[in-house]
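J.: Sharing structure_38.cif, mmCIF, C-alpha atoms:
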data_data
#
loop_
_atom_site.group_PDB
_atom_site.id
_atom_site.type_symbol
_atom_site.label_atom_id
_atom_site.label_comp_id
_atom_site.auth_asym_id
_atom_site.auth_seq_id
_atom_site.Cartn_x
_atom_site.Cartn_y
_atom_site.Cartn_z
ATOM 1 C CA MET A 1 8.679 -6.787 13.968
ATOM 2 C CA PRO A 2 11.828 -8.927 14.397
ATOM 3 C CA VAL A 3 15.006 -7.021 15.236
ATOM 4 C CA PHE A 4 17.852 -7.597 12.793
ATOM 5 C CA PHE A 5 19.490 -4.169 12.875
ATOM 6 C CA ASP A 6 20.096 -1.415 15.398
ATOM 7 C CA MET A 7 18.254 1.048 13.155
ATOM 8 C CA THR A 8 14.587 -0.009 13.148
ATOM 9 C CA LEU A 9 14.033 1.115 9.556
ATOM 10 C CA TYR A 10 16.278 -1.627 8.191
ATOM 11 C CA ASN A 11 14.136 -4.316 9.827
ATOM 12 C CA PHE A 12 11.402 -3.660 7.264
ATOM 13 C CA VAL A 13 13.574 -4.947 4.411
ATOM 14 C CA PRO A 14 13.968 -8.646 5.346
ATOM 15 C CA VAL A 15 10.436 -8.888 6.748
ATOM 16 C CA TYR A 16 8.696 -7.428 3.695
ATOM 17 C CA LEU A 17 11.056 -9.084 1.230
ATOM 18 C CA ALA A 18 10.139 -12.452 2.751
ATOM 19 C CA ALA A 19 6.429 -11.552 2.546
ATOM 20 C CA ILE A 20 6.724 -10.496 -1.119
ATOM 21 C CA ILE A 21 8.569 -13.702 -2.068
ATOM 22 C CA ALA A 22 6.040 -15.834 -0.176
ATOM 23 C CA ALA A 23 3.119 -14.052 -1.858
ATOM 24 C CA LEU A 24 4.622 -14.563 -5.308
ATOM 25 C CA ILE A 25 5.210 -18.268 -4.617
ATOM 26 C CA VAL A 26 1.677 -18.819 -3.338
ATOM 27 C CA ILE A 27 -0.058 -17.045 -6.210
ATOM 28 C CA GLY A 28 2.031 -18.980 -8.725
ATOM 29 C CA GLU A 29 0.771 -22.344 -7.487
ATOM 30 C CA GLY A 30 -1.761 -24.098 -9.672
ATOM 31 C CA ARG A 31 -2.887 -23.501 -13.244
ATOM 32 C CA SER A 32 -5.886 -21.336 -12.354
ATOM 33 C CA SER A 33 -3.710 -19.232 -10.062
ATOM 34 C CA ARG A 34 -1.126 -18.702 -12.795
ATOM 35 C CA GLU A 35 -3.825 -17.700 -15.264
ATOM 36 C CA GLN A 36 -5.272 -15.234 -12.767
ATOM 37 C CA VAL A 37 -1.820 -13.853 -11.992
ATOM 38 C CA ARG A 38 -1.103 -13.417 -15.701
ATOM 39 C CA ARG A 39 -4.403 -11.562 -16.172
ATOM 40 C CA ILE A 40 -3.729 -9.299 -13.180
ATOM 41 C CA TRP A 41 -0.148 -8.752 -14.368
ATOM 42 C CA ASP A 42 -1.284 -7.908 -17.912
ATOM 43 C CA GLU A 43 -3.908 -5.468 -16.610
ATOM 44 C CA GLY A 44 -1.368 -3.864 -14.298
ATOM 45 C CA MET A 45 1.321 -3.553 -16.943
ATOM 46 C CA ALA A 46 -1.184 -2.058 -19.390
ATOM 47 C CA ALA A 47 -2.136 0.533 -16.765
ATOM 48 C CA GLU A 48 1.515 1.350 -15.970
ATOM 49 C CA ARG A 49 2.459 1.612 -19.679
ATOM 50 C CA LYS A 50 -0.483 3.934 -20.279
ATOM 51 C CA VAL A 51 0.766 6.215 -17.509
ATOM 52 C CA LEU A 52 4.405 6.109 -18.638
ATOM 53 C CA ARG A 53 3.491 6.943 -22.240
ATOM 54 C CA LYS A 54 1.621 10.080 -21.200
ATOM 55 C CA PRO A 55 3.817 12.558 -19.296
ATOM 56 C CA LEU A 56 0.851 14.622 -18.089
ATOM 57 C CA LEU A 57 -0.906 11.523 -16.783
ATOM 58 C CA MET A 58 2.301 10.405 -15.091
ATOM 59 C CA LEU A 59 2.660 13.807 -13.417
ATOM 60 C CA ALA A 60 -0.985 13.610 -12.348
ATOM 61 C CA PHE A 61 -0.421 10.163 -10.810
ATOM 62 C CA LEU A 62 2.720 11.365 -9.013
ATOM 63 C CA GLY A 63 0.926 14.464 -7.752
ATOM 64 C CA ILE A 64 -2.217 12.631 -6.663
ATOM 65 C CA GLY A 65 -0.204 9.849 -5.043
ATOM 66 C CA THR A 66 2.095 12.187 -3.121
ATOM 67 C CA LEU A 67 -0.661 14.602 -2.069
ATOM 68 C CA SER A 68 -2.950 11.756 -0.963
ATOM 69 C CA GLY A 69 -0.100 10.231 1.018
ATOM 70 C CA TYR A 70 0.692 13.561 2.643
ATOM 71 C CA LEU A 71 -2.911 14.242 3.694
ATOM 72 C CA LEU A 72 -3.471 10.708 4.995
ATOM 73 C CA ALA A 73 -0.148 10.780 6.861
ATOM 74 C CA ASN A 74 -1.257 13.912 8.715
ATOM 75 C CA LEU A 75 -4.449 12.161 9.806
ATOM 76 C CA GLU A 76 -2.550 9.062 10.877
ATOM 77 C CA TYR A 77 -0.039 11.146 12.800
ATOM 78 C CA GLN A 78 -2.840 12.634 14.896
ATOM 79 C CA ILE A 79 -3.838 9.114 15.968
ATOM 80 C CA LEU A 80 -0.479 7.390 16.461
ATOM 81 C CA VAL A 81 2.031 10.222 17.009
ATOM 82 C CA PRO A 82 4.913 7.881 16.054
ATOM 83 C CA GLU A 83 8.612 8.572 16.412
ATOM 84 C CA ALA A 84 10.773 9.131 13.332
ATOM 85 C CA LEU A 85 12.483 6.104 11.808
ATOM 86 C CA ILE A 86 15.501 8.157 10.720
ATOM 87 C CA PRO A 87 17.917 10.079 12.986
ATOM 88 C CA ASP A 88 17.647 13.318 10.979
ATOM 89 C CA LEU A 89 16.179 14.789 7.780
ATOM 90 C CA THR A 90 19.291 14.583 5.598
ATOM 91 C CA LEU A 91 18.760 13.755 1.938
ATOM 92 C CA VAL A 92 20.438 10.356 2.309
ATOM 93 C CA ASN A 93 18.136 9.335 5.151
ATOM 94 C CA LEU A 94 15.028 10.602 3.344
ATOM 95 C CA VAL A 95 15.941 8.733 0.153
ATOM 96 C CA MET A 96 16.630 5.568 2.146
ATOM 97 C CA LEU A 97 13.329 5.856 4.033
ATOM 98 C CA GLY A 98 11.403 6.622 0.839
ATOM 99 C CA PHE A 99 12.966 3.678 -1.008
ATOM 100 C CA ILE A 100 12.154 1.185 1.744
ATOM 101 C CA MET A 101 8.644 2.499 2.303
ATOM 102 C CA LEU A 102 7.799 2.517 -1.407
ATOM 103 C CA PHE A 103 9.468 -0.626 -2.756
ATOM 104 C CA PHE A 104 9.199 -2.893 0.284
ATOM 105 C CA VAL A 105 6.356 -1.751 2.559
ATOM 106 C CA GLY A 106 4.113 0.003 0.029
ATOM 107 C CA PHE A 107 4.613 -2.471 -2.808
ATOM 108 C CA GLY A 108 4.586 -5.500 -0.504
ATOM 109 C CA GLU A 109 1.321 -4.645 1.234
ATOM 110 C CA GLU A 110 -0.413 -3.458 -1.936
ATOM 111 C CA LEU A 111 0.665 -6.599 -3.792
ATOM 112 C CA LEU A 112 -0.850 -8.689 -1.018
ATOM 113 C CA PHE A 113 -4.012 -6.762 -0.156
ATOM 114 C CA ARG A 114 -4.996 -5.168 -3.451
ATOM 115 C CA ALA A 115 -3.485 -7.137 -6.344
ATOM 116 C CA ILE A 116 -3.886 -10.578 -4.758
ATOM 117 C CA LEU A 117 -6.499 -10.566 -1.994
ATOM 118 C CA GLN A 118 -8.900 -7.980 -3.422
ATOM 119 C CA ASN A 119 -8.778 -9.493 -6.909
ATOM 120 C CA ARG A 120 -9.280 -13.023 -5.607
ATOM 121 C CA ILE A 121 -12.245 -12.074 -3.423
ATOM 122 C CA ILE A 122 -13.847 -10.256 -6.359
ATOM 123 C CA LYS A 123 -13.309 -13.310 -8.548
ATOM 124 C CA LYS A 124 -14.780 -15.716 -5.970
ATOM 125 C CA MET A 125 -17.721 -13.440 -5.143
ATOM 126 C CA GLY A 126 -18.341 -12.960 -8.863
ATOM 127 C CA GLU A 127 -19.233 -16.648 -9.155
ATOM 128 C CA PHE A 128 -22.538 -16.041 -7.353
ATOM 129 C CA MET A 129 -22.966 -12.258 -7.292
ATOM 130 C CA THR A 130 -23.304 -9.484 -9.843
ATOM 131 C CA THR A 131 -20.061 -7.815 -10.920
ATOM 132 C CA GLY A 132 -20.747 -4.532 -9.127
ATOM 133 C CA ASN A 133 -21.595 -6.267 -5.845
ATOM 134 C CA SER A 134 -18.589 -8.594 -5.997
ATOM 135 C CA ILE A 135 -16.262 -5.609 -6.506
ATOM 136 C CA GLY A 136 -17.735 -3.853 -3.473
ATOM 137 C CA VAL A 137 -17.430 -6.984 -1.332
ATOM 138 C CA GLY A 138 -13.847 -7.503 -2.503
ATOM 139 C CA ILE A 139 -12.831 -3.967 -1.573
ATOM 140 C CA VAL A 140 -14.560 -4.093 1.833
ATOM 141 C CA LEU A 141 -13.279 -7.539 2.858
ATOM 142 C CA SER A 142 -9.689 -6.870 1.777
ATOM 143 C CA SER A 143 -9.841 -3.563 3.679
ATOM 144 C CA LEU A 144 -11.052 -5.373 6.807
ATOM 145 C CA VAL A 145 -8.141 -7.799 6.618
ATOM 146 C CA PHE A 146 -5.799 -4.869 5.972
ATOM 147 C CA ALA A 147 -7.123 -3.166 9.124
ATOM 148 C CA ALA A 148 -6.876 -6.378 11.151
ATOM 149 C CA MET A 149 -3.175 -6.607 10.304
ATOM 150 C CA HIS A 150 -2.718 -3.264 12.094
ATOM 151 C CA SER A 151 -4.597 -4.337 15.243
ATOM 152 C CA VAL A 152 -1.311 -4.559 17.153
ATOM 153 C CA TYR A 153 -1.756 -0.863 17.978
ATOM 154 C CA LEU A 154 -4.852 -1.734 20.069
ATOM 155 C CA SER A 155 -6.726 1.374 18.964
ATOM 156 C CA VAL A 156 -10.285 1.288 17.634
ATOM 157 C CA GLU A 157 -9.771 4.775 16.210
ATOM 158 C CA TYR A 158 -6.668 3.622 14.346
ATOM 159 C CA LEU A 159 -8.379 0.482 13.049
ATOM 160 C CA ALA A 160 -11.198 2.645 11.665
ATOM 161 C CA TYR A 161 -8.630 4.915 10.013
ATOM 162 C CA VAL A 162 -6.746 1.985 8.447
ATOM 163 C CA PHE A 163 -10.020 0.485 7.204
ATOM 164 C CA ILE A 164 -10.946 3.773 5.496
ATOM 165 C CA VAL A 165 -7.468 4.025 3.971
ATOM 166 C CA GLY A 166 -7.896 0.444 2.750
ATOM 167 C CA LEU A 167 -11.180 1.388 1.084
ATOM 168 C CA PHE A 168 -9.529 4.406 -0.550
ATOM 169 C CA LEU A 169 -6.628 2.312 -1.853
ATOM 170 C CA GLY A 170 -8.989 -0.455 -2.943
ATOM 171 C CA VAL A 171 -11.133 1.923 -4.977
ATOM 172 C CA ALA A 172 -8.040 3.614 -6.449
ATOM 173 C CA TYR A 173 -6.641 0.240 -7.486
ATOM 174 C CA GLN A 174 -9.950 -0.945 -8.901
ATOM 175 C CA LEU A 175 -10.376 2.207 -10.987
ATOM 176 C CA THR A 176 -6.812 2.370 -12.327
ATOM 177 C CA LYS A 177 -5.482 -1.210 -12.018
ATOM 178 C CA SER A 178 -2.228 0.535 -11.175
ATOM 179 C CA LEU A 179 -0.250 -1.203 -8.454
ATOM 180 C CA GLY A 180 2.282 1.585 -8.894
ATOM 181 C CA LEU A 181 -0.219 4.283 -7.884
ATOM 182 C CA VAL A 182 -1.450 2.577 -4.709
ATOM 183 C CA SER A 183 2.130 1.637 -3.772
ATOM 184 C CA LEU A 184 3.108 5.284 -4.206
ATOM 185 C CA ILE A 185 0.245 6.480 -1.995
ATOM 186 C CA HIS A 186 1.086 3.876 0.644
ATOM 187 C CA GLY A 187 4.791 4.658 0.494
ATOM 188 C CA ALA A 188 4.159 8.412 0.675
ATOM 189 C CA ILE A 189 1.996 7.993 3.778
ATOM 190 C CA ASN A 190 4.816 6.194 5.566
ATOM 191 C CA LEU A 191 7.484 8.552 4.270
ATOM 192 C CA PHE A 192 5.776 11.635 5.712
ATOM 193 C CA LEU A 193 4.589 9.771 8.824
ATOM 194 C CA PHE A 194 8.057 8.616 9.862
ATOM 195 C CA SER A 195 10.173 11.593 8.788
ATOM 196 C CA PHE A 196 8.852 15.132 8.433
ATOM 197 C CA LEU A 197 5.852 14.957 10.765
ATOM 198 C CA PRO A 198 7.657 13.641 13.874
ATOM 199 C CA TYR A 199 10.246 16.399 13.428
ATOM 200 C CA GLY A 200 7.497 19.019 13.336
ATOM 201 C CA PHE A 201 7.586 19.810 9.614
ATOM 202 C CA LEU A 202 4.667 19.849 7.124
ATOM 203 C CA ARG A 203 2.010 19.291 9.797
ATOM 204 C CA LEU A 204 -1.492 20.409 8.932
ATOM 205 C CA PHE A 205 -2.839 20.217 12.479
#
Now that the file is in, can you turn its structure into structure tokens?

T.:
Amino acid sequence: MPVFFDMTLYNFVPVYLAAIIAALIVIGEGRSSREQVRRIWDEGMAAERKVLRKPLLMLAFLGIGTLSGYLLANLEYQILVPEALIPDLTLVNLVMLGFIMLFFVGFGEELLFRAILQNRIIKKMGEFMTTGNSIGVGIVLSSLVFAAMHSVYLSVEYLAYVFIVGLFLGVAYQLTKSLGLVSLIHGAINLFLFSFLPYGFLRLF
């Protein structure tokens, strides 16, 4: 992670913003890519509109996303035991951390690994496999790449954890087509992992 600011949290913004812009440029290249992007976008927007039009469904998504993130963060904390990314648990710091983790880290990684990579693998595998098998391969391969990106921690246990989280997010995305839901889960994991848990709050173990 390049260092642009004294406070480590702020470094996520330029790094993930650059990754999001690069991903959007790459997937927009070529006619077939644009058609695939439009299909993925239309499916995603239909899923998000469905949630937004139904308050109970929206509350369910928010609850499931936050609870899943909280539970997974507790597991991850047991493996990594990271330090907090904010100096204290004031509302301003929590909002700032939550915003960055949801809209930059969560959205950026889910855009790349679920909406782009997983969908493209499924499409390519679908050319010579049955639909069900290509979906499974897409979820597994994108989860392996997702885990490989976290190999900097040099922990087999952590890689296994990230792979399982990738499978969970991949299945959730495939079932709902909601980039918002998987971004929320991802963002919630990081929010709890780098705020409450290092300060000793909300730990399950």

J.: Once the PyMOL selection byres ((chain A and resi 51-68) around 12) has been applied to the shown file, what residues remain in the selection, as number ranges by chain?

T.: A: 44-50, 69-75, 98, 102, 106, 165, 168-169, 172-173, 176-192, 202

J.: Measuring between all atoms listed in the file, which one of A:Tyr158, A:Tyr153, A:Tyr16, A:Phe128 shows the shortest distance to A:Glu109?

T.: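 Closest residue, counting all atoms listed in the file: A:Tyr16.
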
J.: From the options A:Phe146, A:Tyr77, A:Tyr10, A:Phe107, which residue's atoms come nearest to A:Ala160, counting all atoms listed in the file?

T.: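 With all atoms listed in the file as the atom set, the closest residue is A:Phe146.
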
J.: Quick one, how far is atom CA of A:Ile79 from atom CA of A:Gly170?

T.: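 Interatomic distance here is 21.8 Å.
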
J.: Expanded to explicit residues, what is the PyMOL selection byres ((chain A and resi 19) around 10) for this file, as number ranges by chain?

T.: A: 13-18, 20-25, 104-105, 108-109, 111-112

J.: I'd like the contact shell of A:Ile122 - 9 Å cut-off, only C-alpha atoms, skipping same-chain residues fewer than 2 positions apart - returned as a compact mmCIF listing (two decimals) with C-alpha atoms, in the coordinates of the input.

T.:
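Result went into part.txt, see below:
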# COMPACT_ATOMS: atom_id res chain seq x y z
CA LEU A 117 -6.50 -10.57 -1.99
CA GLN A 118 -8.90 -7.98 -3.42
CA ASN A 119 -8.78 -9.49 -6.91
CA ARG A 120 -9.28 -13.02 -5.61
CA LYS A 124 -14.78 -15.72 -5.97
CA MET A 125 -17.72 -13.44 -5.14
CA GLY A 126 -18.34 -12.96 -8.86
CA GLU A 127 -19.23 -16.65 -9.15
CA THR A 131 -20.06 -7.82 -10.92
CA ASN A 133 -21.60 -6.27 -5.84
CA SER A 134 -18.59 -8.59 -6.00
CA ILE A 135 -16.26 -5.61 -6.51
CA GLY A 136 -17.74 -3.85 -3.47
CA VAL A 137 -17.43 -6.98 -1.33
CA GLY A 138 -13.85 -7.50 -2.50
CA ILE A 139 -12.83 -3.97 -1.57

J.: What is the atom CA of A:Ser142-atom CA of A:Leu175 distance in Å, reported with one decimal?

T.: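 One can read the atom CA of A:Ser142 to atom CA of A:Leu175 distance as 15.7 Å.
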